[in-house]
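Structure first, then comments.
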Amino acid sequence: MTARLLHLCVFLAVAFLCSPRVHSQAIEVPLTFEDQLDLSPLNNLALQNQGRLKSFGSHANSLMDVVSGPRGINGQSAAYTYLDMLFRPNAYADADCIYVKNKLVRNAISRVVVDVNPSLGGRMASFSATGLISPEILDRQEVQVLLENFATDLIRTAKQVDAIRSARFVMSQQFLLSKLKVIPPAGDDEDAAWHSVEEVMLLDDGDIDPGILAAMPLQTPIEGLDPEMQKTFAGQWRSLVNGWDRRDPVAVNAAVVALGAMAPEFNSELYPDQGRLAWENWYFDKDQMTRVWLIYLLSIIFLLLAIVYRWKWALWVGLAIFVVAFGFQTFSVGLRWWISGRWPNSNMFEAVTTASWFGVLLAFIVELGWFRKTAFRGVITLGAATTAMVALMVANFLPVYLNPNISNMMPVLHDV
């Protein structure tokens, strides 16, 4: 009976996962500009930020977290939003893109805006639910007065006001451009500062379109780097900007490929391993593998069946799934270790996920060494699976509190 029940559950699960969605009528939806872009060559581009080399994909993810928090903007990827804010800042002037975490601040802003302009009631209701608000609404006089008052409350609301101001600063065109330090320096000094696109973007003699390029002064070649290569790089960057402005995916994709191929050629000796950059981008694209909590949840179900009903087959199935989940979590911790170049223990995200990994490892050892042939078999494993599941759920669903971005280790943590 139990075997038939298991087979039925597996069959239903496979059928649900593999069955195609049925639509009453096939509707062909035209591809958007974003859908036709392939930004992967840029996502894997090396970039220097806060003394660390990282991929552009993870860099964009960390900066967009400051702006929109855990919420995506119109379903866009972080890399796309970064470039779109850089090239088309006016498109975000009245876009709901700044995240306000504090519900007290949200509700207060909603009230003052609706009191002055009742027609914005629906939009403020959406803001109260999602936490996303536009810069134009934040610039309204009544909101500015409210934020000034909140800034004086150091205990409850000042931190949130600082977060709003940081988001406004980070999404500015000049800031986003200045952080694109993707050109390695000449020489062999690994600690030397990298050069930003801003330093080479106007080296060539092409036409300067309005907007971001028109605001930049003419630059001189960077000493030590090939001037012709700098001119070519600047020309490709201009092609990217102009193609983006025209919403021309073909031109953008061609420029992205060219820029991704050229950047390592400036100094291949200092350029980081392309494989590591690709893995870092993959790691953040997969939400830091925090969804492994689902596998732990599945193991918990079978382990509970084994403990409650004493079903030996359920115990072995639960243990097998538990080992699979532990394998994925081990891969995640090891990958983060390799990407960052240090043991992952520099922030709360790493503390929680790594501590849960140690707990699972200890439980695995205890289960095999002492509890394997006792009446308590499966109990320790069940506790470890539950703890790991909760830790990964917190990391997955509360990124505002457990920031997943990789940062440099604080000096105090170098002390054993």
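How things are named: the first chain in the structure tokens is A, the next is B, and so on; residues count from 1 in each chain; ligands count from 1 in the order shown.
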>> List as a PyMOL selection string the protein and nucleic acid residues near region 361-371 of chain A, meaning an atom at most 12 Å away when only C-alpha atoms are counted, but skip any in the same chain fewer than 2 places from it.
In response: chain A and resi 319-320+322-323+325-327+329-330+354-359+373-388
>> Can you pull out every residue from region 129-253 of chain A that DSSP, working from the backbone, puts in helix (DSSP H, G or I), and format the result as a ChimeraX atom specification?
In response: /A:129-130,135-138,141-151,158-170,173-178,197-199,227-246,249-253
Near region 389-406 of chain A, 12 Å: region 241-283 of chain A residue rows, closest pairs, only C-alpha atoms, as a Markdown table:
| residue | atom | partner | partner_atom | distance |
| --- | --- | --- | --- | --- |
| A:Glu280 | CA | A:Ile406 | CA | 9.9 |
| A:Asn281 | CA | A:Asn405 | CA | 11.6 |
| A:Tyr283 | CA | A:Pro404 | CA | 10.6 |
>> Set the distance at 10 Å and use only C-alpha atoms: which residues neighbour Ser62 (chain A) once local chain neighbours fewer than 2 positions away are removed? I'd like the list as a ChimeraX atom specification.
In response: /A:56-60,64-67,69,78,284,403-407
>> So that I can check the secondary structure, give me every residue of region 39-120 of chain A assigned strand (DSSP E or B) by backbone DSSP, as a list in words.
In response: Ala46, Leu47, Gln48, Asn49, Arg52, Leu53, Lys54, Ser55, Ile98 and Tyr99 of chain A
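With only C-alpha atoms as the atoms that count, the minimum distance from Phe150 (chain A) to the choices A:Arg247, A:Arg291, A:Arg106, A:Lys54 is reached by A:Arg106.
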> Do you have the CA of Trp293 (chain A)-CA of Ala351 (chain A) distance handy?
Replying inline: 16.5 Å
Would you write out, as CSV, a table of all residues in region 75-139 of chain A that have an atom no more than 9 Å from an atom of region 230-246 of chain A, listing for each the closest atom pair and the distance in Å to one decimal, considering only C-alpha atoms and ordering rows by chain and rising residue number?
residue,atom,partner,partner_atom,distance
A:Leu83,CA,A:Trp244,CA,8.9
A:Asp84,CA,A:Trp244,CA,8.1
A:Phe87,CA,A:Val241,CA,6.6
A:Arg88,CA,A:Asp245,CA,7.5
Keeping only N, CA and C atoms, take the residues you just selected and write them out as a CSV table (one decimal), in the first residue's frame.
chain,number,residue,atom,x,y,z
A,83,LEU,N,21.6,49.6,-16.8
A,83,LEU,CA,21.9,50.2,-18.0
A,83,LEU,C,20.8,51.2,-18.5
A,84,ASP,N,19.6,50.8,-18.2
A,84,ASP,CA,18.5,51.6,-18.7
A,84,ASP,C,18.4,52.9,-17.8
A,87,PHE,N,21.3,55.1,-19.3
A,87,PHE,CA,21.1,55.6,-20.6
A,87,PHE,C,19.8,56.4,-20.7
A,88,ARG,N,18.8,56.1,-19.9
A,88,ARG,CA,17.4,56.7,-20.0
A,88,ARG,C,16.9,57.1,-18.6
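Of the residues under consideration (A:Leu225, A:Leu42, A:Leu154, A:Leu304), A:Leu42 shows the shortest atom-to-atom contact distance to Ser55 (chain A) when counting only C-alpha atoms.
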> Which distance in Å separates CA of Thr220 (chain A) and CA of Met201 (chain A), to one decimal?
Replying inline: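 Separating CA of Thr220 (chain A) from CA of Met201 (chain A) is a distance of 10.1 Å.
The spacing separating CA of Gly275 (chain A) from CA of Val292 (chain A) amounts to 23.3 Å.
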>> So that I can see what lies close to region 301-303 of chain A, please list as a PyMOL selection string the residues with an atom at most 6 Å from it, counting only C-alpha atoms and leaving out residues fewer than 5 positions away in the same chain.
In response: chain A and resi 314-315+318
Keeping only N, CA, C and O atoms, write the selected residues as a CSV table (one decimal), in the first residue's frame.
chain,number,residue,atom,x,y,z
A,314,ALA,N,10.7,5.0,4.1
A,314,ALA,CA,10.6,6.5,4.2
A,314,ALA,C,11.8,7.1,4.8
A,314,ALA,O,12.3,8.2,4.5
A,315,LEU,N,12.4,6.3,5.8
A,315,LEU,CA,13.7,6.8,6.4
A,315,LEU,C,14.8,6.9,5.4
A,315,LEU,O,15.5,7.9,5.3
A,318,GLY,N,14.1,9.7,2.9
A,318,GLY,CA,14.3,11.0,3.5
A,318,GLY,C,15.8,11.3,3.7
A,318,GLY,O,16.2,12.4,3.4
> Between A:Asn44, A:Asp188, A:Leu176, A:Gly224, which one has atoms that come closest to Trp282 (chain A), using only C-alpha atoms?
Replying inline: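 For Trp282 (chain A), the nearest of the candidates is A:Asn44.
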Residues at most 10 Å from Lys179 (chain A), counting only C-alpha atoms, excluding those fewer than 6 positions away in the same chain, as a PDB file with C-alpha atoms, in the first residue's frame?
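The resulting file, part12.pdb, is shown below:
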ATOM      1  CA  LEU A  47      34.575  45.226 -12.638  1.00  0.00           C
ATOM      2  CA  GLN A  48      36.454  46.724  -9.687  1.00  0.00           C
ATOM      3  CA  ASN A  49      34.312  47.888  -6.790  1.00  0.00           C
ATOM      4  CA  GLN A  50      35.398  48.617  -3.195  1.00  0.00           C
ATOM      5  CA  HIS A  59      27.648  44.535  -9.267  1.00  0.00           C
ATOM      6  CA  ALA A  60      24.361  45.517 -10.897  1.00  0.00           C
ATOM      7  CA  LEU A  63      23.396  48.485  -6.620  1.00  0.00           C
ATOM      8  CA  VAL A 170      22.761  55.460  -6.498  1.00  0.00           C
ATOM      9  CA  HIS A 195      39.696  52.738 -15.079  1.00  0.00           C
ATOM     10  CA  SER A 196      36.050  53.557 -15.683  1.00  0.00           C
ATOM     11  CA  VAL A 197      34.295  53.795 -19.031  1.00  0.00           C
ATOM     12  CA  GLU A 198      33.974  57.500 -18.291  1.00  0.00           C
TER      13      GLU A 198
END
